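Peer 1: The following block contains the structure, expressed as structure tokens.
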Amino acid sequence: MSRDLTSGFLSILNGKILTSVVGILSLPLIVRVLGPTGYGNYAFLLSTFSLLMILVSSGVTEGTQKFIAEERGDVDRWQAGVVGFYLKLAVVLAVIGSVTLVLLTASGVLQQVLDREFEVYFYLLAVLVITVQLRSFIRRALLGLGLEPYSESLTVVEKIILVGVGLGLASIGLGVAGFLVAQAIGSTVVLLVGVIVLSRRLSIRAAIRKPMSSLPYRELLSFNGLNIVLVLLMTSLFHVDIMMLRLLVSGEQTGFYKAALELAEYIWLIPTAFQTLMLHSTSKMWSRGEHERISDLAGKVTRYVFLITSLLVIGVFTLADRFIPIYYGAEFSVVYQPLSYLLLGAFGFALAIPISGINTAKGRLWPLIGATALAALGNVTLNGILIPQYGMIGAAVATSISYGSMFFLHVACGYYLGYQPLAGLRPVRIVATAVVSFPLIFSLESVIANDIIALVLVPPVGFLLFWAVALGTGAIDRKEVRLGLSAIPFPVPKVSR
């Protein structure tokens, strides 16, 4: 990758690592404060909110990030025009979404299928619709302008506020409502700071008051509408299983299953960092017709993601049975079984995530909608068949199959759109690396009796073993290792030479 891409990726990755660290450290506290049922209800609310926000937000935020990064005519006027158009659209959609949620809650429809306490929760979600929408818009605008250090730092700040304020409010008796209030506070703080940063690059007031007459409104609106459909289908893969499990089984099983998902989804940390970068970076390449450069970049990113994610999957699978009781508590030991089923599918989806970012950046969304619709339909069907009979295990199997199918579907889309997503993948070498590394790491873990010693010793030793095998198989070369180490503070890069 070029220096600019590497710098942007590291900013995004660092932000995701920090938010993940905050999440990892706080999750056991959240689970203990809310309990299995409360945590299951919280997971259900977050899934419901995420699906709602697709209709309100997805086309606006991703459209902002994609189009503001493109180079068309007078760049400054183009950027201001994109910001002005999408900001107005964001406000209108947020108000419609919030009012709709209030009316739906006040009508009493929700009380027919959910406990009465959910009425308060949904009124709080109505507030979140507005604050989260505007915060998301600001963050995407900063990303599109190449201001990744600011956008990702603000994400970390929001996570810290959510956890700190949420735990405080929940501990004094507000429970789930406390975390929803904390989310509103965090998104508002980020919104205010983000507006200040964005206003230093362009005049938001002028962008609103002086719309760009030559702006391709039809293209922007078309992308907005189609992207809503695409993201709705994509997000359903993450939340339909939780919602169906809560409605068909129980809050307790939903809490256990959500805990398994949380661990499985940590392996998406680096793939999602690549996806965020690919959306606005490859938008420029698509606009310039640089298909060969896109193919080269896609192949390298997929290879890196395969290696890094396979290492994480091996580590999580090997250590989860020791880690879960310590992390979540003894009653969550049942989480290991659904987690084991989820990991393989989560690995396949991890490979698809950066490719989907490149495909979306092209702007031709119909092939992506068709591919994602197949996976989403399979997900709903399999969950509907397996959950009533097998509970959270059935949900894990159904979701894992749907996750895994996304890799093959998005690779097919990539070839259809005119580039080679698997160019330079080195498939035999990367698979050999995983196959050889797994028994070595698993054997190391099995000879250590003490849980704490295993959790401390296996990750660093396994990390070194894995990358030694990767060098030996040729999955990576020394130049790539030095490039990776160059992102680590002194003195590691010099030692590597």
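Labeling convention for the structure tokens: chains A, B, ... as they appear, residues from 1 per chain, ligands from 1 in order of appearance.
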For Ser333 in chain A, list every protein, DNA or RNA residue within 12 Å, evaluated using only C-alpha atoms, and leave out those in the same chain fewer than 4 positions away; present the list as a PyMOL selection string.

Peer 2: chain A and resi 256-257+259-260+320-329+337-339

Peer 1: Could you dump the residues just selected with N, CA and C atoms as a PDB file, in the first residue's frame?

Peer 2:
```pdb
ATOM      1  N   PHE A 256     -26.549 -15.237  26.417  1.00  0.00           N
ATOM      2  CA  PHE A 256     -25.426 -16.152  26.213  1.00  0.00           C
ATOM      3  C   PHE A 256     -24.935 -16.093  24.760  1.00  0.00           C
ATOM      4  N   TYR A 257     -25.889 -16.103  23.838  1.00  0.00           N
ATOM      5  CA  TYR A 257     -25.537 -16.095  22.414  1.00  0.00           C
ATOM      6  C   TYR A 257     -24.853 -14.786  22.019  1.00  0.00           C
ATOM      7  N   ALA A 259     -23.060 -12.972  23.944  1.00  0.00           N
ATOM      8  CA  ALA A 259     -21.704 -13.037  24.479  1.00  0.00           C
ATOM      9  C   ALA A 259     -20.785 -13.810  23.536  1.00  0.00           C
ATOM     10  N   ALA A 260     -21.295 -14.888  22.938  1.00  0.00           N
ATOM     11  CA  ALA A 260     -20.509 -15.649  21.965  1.00  0.00           C
ATOM     12  C   ALA A 260     -20.226 -14.810  20.717  1.00  0.00           C
ATOM     13  N   ALA A 320     -10.610 -20.268  24.339  1.00  0.00           N
ATOM     14  CA  ALA A 320     -11.932 -19.781  24.766  1.00  0.00           C
ATOM     15  C   ALA A 320     -12.469 -20.515  25.980  1.00  0.00           C
ATOM     16  N   ASP A 321     -12.265 -21.842  26.064  1.00  0.00           N
ATOM     17  CA  ASP A 321     -12.833 -22.584  27.190  1.00  0.00           C
ATOM     18  C   ASP A 321     -12.188 -22.198  28.515  1.00  0.00           C
ATOM     19  N   ARG A 322     -10.962 -21.682  28.479  1.00  0.00           N
ATOM     20  CA  ARG A 322     -10.318 -21.178  29.692  1.00  0.00           C
ATOM     21  C   ARG A 322     -10.722 -19.721  29.956  1.00  0.00           C
ATOM     22  N   PHE A 323     -10.882 -18.971  28.876  1.00  0.00           N
ATOM     23  CA  PHE A 323     -11.087 -17.529  28.987  1.00  0.00           C
ATOM     24  C   PHE A 323     -12.504 -17.155  29.400  1.00  0.00           C
ATOM     25  N   ILE A 324     -13.496 -17.840  28.843  1.00  0.00           N
ATOM     26  CA  ILE A 324     -14.900 -17.449  29.032  1.00  0.00           C
ATOM     27  C   ILE A 324     -15.320 -17.419  30.495  1.00  0.00           C
ATOM     28  N   PRO A 325     -15.046 -18.474  31.299  1.00  0.00           N
ATOM     29  CA  PRO A 325     -15.481 -18.413  32.703  1.00  0.00           C
ATOM     30  C   PRO A 325     -14.814 -17.294  33.489  1.00  0.00           C
ATOM     31  N   ILE A 326     -13.572 -16.980  33.150  1.00  0.00           N
ATOM     32  CA  ILE A 326     -12.878 -15.892  33.844  1.00  0.00           C
ATOM     33  C   ILE A 326     -13.431 -14.539  33.402  1.00  0.00           C
ATOM     34  N   TYR A 327     -13.690 -14.421  32.125  1.00  0.00           N
ATOM     35  CA  TYR A 327     -14.089 -13.138  31.548  1.00  0.00           C
ATOM     36  C   TYR A 327     -15.551 -12.803  31.845  1.00  0.00           C
ATOM     37  N   TYR A 328     -16.448 -13.742  31.537  1.00  0.00           N
ATOM     38  CA  TYR A 328     -17.877 -13.495  31.704  1.00  0.00           C
ATOM     39  C   TYR A 328     -18.420 -13.951  33.058  1.00  0.00           C
ATOM     40  N   GLY A 329     -17.799 -14.958  33.631  1.00  0.00           N
ATOM     41  CA  GLY A 329     -18.338 -15.580  34.839  1.00  0.00           C
ATOM     42  C   GLY A 329     -18.678 -17.032  34.555  1.00  0.00           C
ATOM     43  N   GLN A 337     -19.716 -23.451  23.265  1.00  0.00           N
ATOM     44  CA  GLN A 337     -20.240 -24.273  22.166  1.00  0.00           C
ATOM     45  C   GLN A 337     -20.751 -23.433  20.995  1.00  0.00           C
ATOM     46  N   PRO A 338     -21.649 -22.450  21.209  1.00  0.00           N
ATOM     47  CA  PRO A 338     -22.047 -21.636  20.054  1.00  0.00           C
ATOM     48  C   PRO A 338     -20.886 -20.855  19.449  1.00  0.00           C
ATOM     49  N   LEU A 339     -19.934 -20.438  20.288  1.00  0.00           N
ATOM     50  CA  LEU A 339     -18.770 -19.731  19.765  1.00  0.00           C
ATOM     51  C   LEU A 339     -17.985 -20.600  18.795  1.00  0.00           C
TER      52      LEU A 339
END
```

Peer 1: Go through A:Ala373, A:Ala423, A:Val397, A:Ile355 one by one, measure the shortest atom-to-atom distance of each to Lys300 in chain A using only C-alpha atoms, and give the residue with the smallest value.

Peer 2: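 Between A:Ala373, A:Ala423, A:Val397, A:Ile355, the residue approaching Lys300 in chain A most closely is A:Ala423.
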
Peer 1: Could you check the closest approach to Leu27 in chain A for each of A:Val431, A:Leu417, A:Ala375, A:Leu167 and tell me which residue wins, using only C-alpha atoms?

Peer 2: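 Under the stated criterion, the closest residue is A:Leu167.
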
Peer 1: Do you know which residues are at most 6 Å from range 196-212 of chain A counting only C-alpha atoms, after dropping those on the same chain fewer than 5 positions away, and could you put them as a list in words?

Peer 2: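 What passes the distance filter is Ala80, Gly81 and Gly84 of chain A.
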
Peer 1: I'd like the contact shell of range 137-153 of chain A - 7 Å cut-off, only C-alpha atoms, skipping same-chain residues fewer than 5 positions apart - returned as an MDAnalysis selection string.

Peer 2: chainID A and resid 8 11:12 15 61:62 64:66 68:69 191 194:195 198 280

Peer 1: Write the residues of the preceding selection, restricted to all heavy atoms, as a compact mmCIF listing (two decimals), in the first residue's frame.

Peer 2:
```
# COMPACT_ATOMS: atom_id res chain seq x y z
N GLY A 8 -3.48 6.13 6.69
CA GLY A 8 -4.91 6.12 6.96
C GLY A 8 -5.35 4.83 7.63
O GLY A 8 -6.15 4.84 8.57
N SER A 11 -4.32 4.77 11.30
CA SER A 11 -5.18 5.62 12.12
C SER A 11 -6.49 4.92 12.43
O SER A 11 -6.98 4.92 13.57
CB SER A 11 -5.46 6.95 11.41
OG SER A 11 -4.28 7.70 11.24
N ILE A 12 -7.09 4.30 11.40
CA ILE A 12 -8.34 3.59 11.60
C ILE A 12 -8.14 2.39 12.50
O ILE A 12 -8.92 2.14 13.42
CB ILE A 12 -8.92 3.16 10.23
CG1 ILE A 12 -9.29 4.39 9.40
CG2 ILE A 12 -10.15 2.27 10.42
CD1 ILE A 12 -9.62 4.07 7.96
N GLY A 15 -7.65 3.34 16.14
CA GLY A 15 -8.93 3.71 16.75
C GLY A 15 -9.76 2.48 17.09
O GLY A 15 -10.35 2.39 18.17
N THR A 61 -24.60 8.25 5.32
CA THR A 61 -23.23 8.22 5.85
C THR A 61 -22.23 7.67 4.85
O THR A 61 -21.19 8.26 4.61
CB THR A 61 -23.19 7.41 7.15
OG1 THR A 61 -23.77 6.11 6.92
CG2 THR A 61 -23.95 8.10 8.25
N GLU A 62 -22.54 6.53 4.25
CA GLU A 62 -21.61 5.95 3.29
C GLU A 62 -21.55 6.77 2.00
O GLU A 62 -20.50 6.86 1.36
CB GLU A 62 -21.98 4.49 3.00
CG GLU A 62 -21.81 3.61 4.22
CD GLU A 62 -21.72 2.13 3.87
OE1 GLU A 62 -21.61 1.80 2.68
OE2 GLU A 62 -21.78 1.32 4.81
N THR A 64 -21.82 10.01 1.88
CA THR A 64 -20.94 11.13 2.22
C THR A 64 -19.48 10.73 2.10
O THR A 64 -18.67 11.43 1.48
CB THR A 64 -21.23 11.61 3.67
OG1 THR A 64 -22.60 11.98 3.77
CG2 THR A 64 -20.35 12.80 4.02
N GLN A 65 -19.13 9.60 2.71
CA GLN A 65 -17.73 9.15 2.71
C GLN A 65 -17.24 8.85 1.30
O GLN A 65 -16.11 9.20 0.94
CB GLN A 65 -17.59 7.91 3.58
CG GLN A 65 -16.15 7.39 3.68
CD GLN A 65 -16.05 6.13 4.51
OE1 GLN A 65 -17.01 5.75 5.19
NE2 GLN A 65 -14.92 5.46 4.45
N LYS A 66 -18.08 8.22 0.48
CA LYS A 66 -17.67 7.85 -0.88
C LYS A 66 -17.52 9.06 -1.79
O LYS A 66 -16.48 9.26 -2.42
CB LYS A 66 -18.69 6.88 -1.49
CG LYS A 66 -18.51 6.67 -2.99
CD LYS A 66 -19.55 5.76 -3.56
CE LYS A 66 -19.62 5.88 -5.08
NZ LYS A 66 -18.33 5.71 -5.76
N ILE A 68 -17.50 12.40 -1.20
CA ILE A 68 -16.65 13.53 -0.83
C ILE A 68 -15.19 13.23 -1.16
O ILE A 68 -14.38 14.14 -1.34
CB ILE A 68 -16.82 13.86 0.67
CG1 ILE A 68 -16.34 15.30 0.96
CG2 ILE A 68 -16.03 12.89 1.55
CD1 ILE A 68 -16.63 15.73 2.39
N ALA A 69 -14.85 11.93 -1.28
CA ALA A 69 -13.46 11.55 -1.57
C ALA A 69 -13.14 11.58 -3.07
O ALA A 69 -11.97 11.57 -3.46
CB ALA A 69 -13.19 10.14 -1.03
N LEU A 191 -20.44 14.65 18.22
CA LEU A 191 -21.03 15.52 17.20
C LEU A 191 -20.51 16.94 17.32
O LEU A 191 -20.09 17.54 16.33
CB LEU A 191 -22.55 15.49 17.33
CG LEU A 191 -23.33 16.56 16.56
CD1 LEU A 191 -23.12 16.39 15.06
CD2 LEU A 191 -24.81 16.49 16.91
N GLY A 194 -16.80 17.10 16.43
CA GLY A 194 -16.64 16.83 15.00
C GLY A 194 -17.02 18.01 14.14
O GLY A 194 -16.39 18.28 13.11
N VAL A 195 -18.06 18.73 14.51
CA VAL A 195 -18.47 19.92 13.77
C VAL A 195 -17.36 20.96 13.78
O VAL A 195 -17.09 21.61 12.76
CB VAL A 195 -19.77 20.51 14.37
CG1 VAL A 195 -20.02 21.91 13.84
CG2 VAL A 195 -20.95 19.61 14.05
N LEU A 198 -14.61 19.70 11.35
CA LEU A 198 -15.05 19.79 9.95
C LEU A 198 -15.10 21.23 9.47
O LEU A 198 -14.76 21.53 8.32
CB LEU A 198 -16.41 19.11 9.80
CG LEU A 198 -17.00 19.08 8.38
CD1 LEU A 198 -16.09 18.31 7.44
CD2 LEU A 198 -18.40 18.46 8.41
N HIS A 280 -13.40 4.93 0.78
CA HIS A 280 -13.09 6.23 0.20
C HIS A 280 -11.80 6.21 -0.61
O HIS A 280 -11.63 7.01 -1.53
CB HIS A 280 -13.04 7.32 1.28
CG HIS A 280 -12.05 7.11 2.38
ND1 HIS A 280 -12.32 6.36 3.49
CD2 HIS A 280 -10.78 7.57 2.55
CE1 HIS A 280 -11.29 6.36 4.30
NE2 HIS A 280 -10.34 7.08 3.75
```

Peer 1: Write out as number ranges by chain each polymer residue whose atoms come within 8 Å of range 91-93 of chain A, counting only C-alpha atoms; drop sequence neighbours fewer than 3 positions from it.

Peer 2: A: 56-57, 87-88, 96-97, 130, 133-134

Peer 1: Taking the backbone alone, and naming residues the way the document does, which bits of range 92-198 of chain A are alpha helix (DSSP H) by DSSP, as a ChimeraX atom specification?

Peer 2: /A:92-106,118-144,148-169,176-198

Peer 1: Go through A:Ala126, A:Ala398, A:Val120, A:Ile294 and flag the residue nearest Leu101 in chain A, using only C-alpha atoms for the distances.

Peer 2: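 The closest residue to Leu101 in chain A is A:Ala126.
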
Peer 1: Rank A:Tyr42, A:Leu465, A:Gly378, A:Tyr304 by their smallest atom-to-atom distance to Asp477 in chain A, using only C-alpha atoms, and report the top residue only.

Peer 2: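 Among A:Tyr42, A:Leu465, A:Gly378, A:Tyr304, it is A:Tyr304 that comes nearest to Asp477 in chain A.
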
Peer 1: Would you compute the distance between CA of Thr19 in chain A and CA of Ala352 in chain A? Give it in Å to one decimal.

Peer 2: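 About the pair CA of Thr19 in chain A and CA of Ala352 in chain A: they are 22.2 Å apart.
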
Peer 1: Just the residues within 8 Å of Thr48 in chain A, please, counting only C-alpha atoms, with nothing from its chain fewer than 4 positions along; format it as a list in words.

Peer 2: Phe44, Leu52, His239 and Met243 of chain A
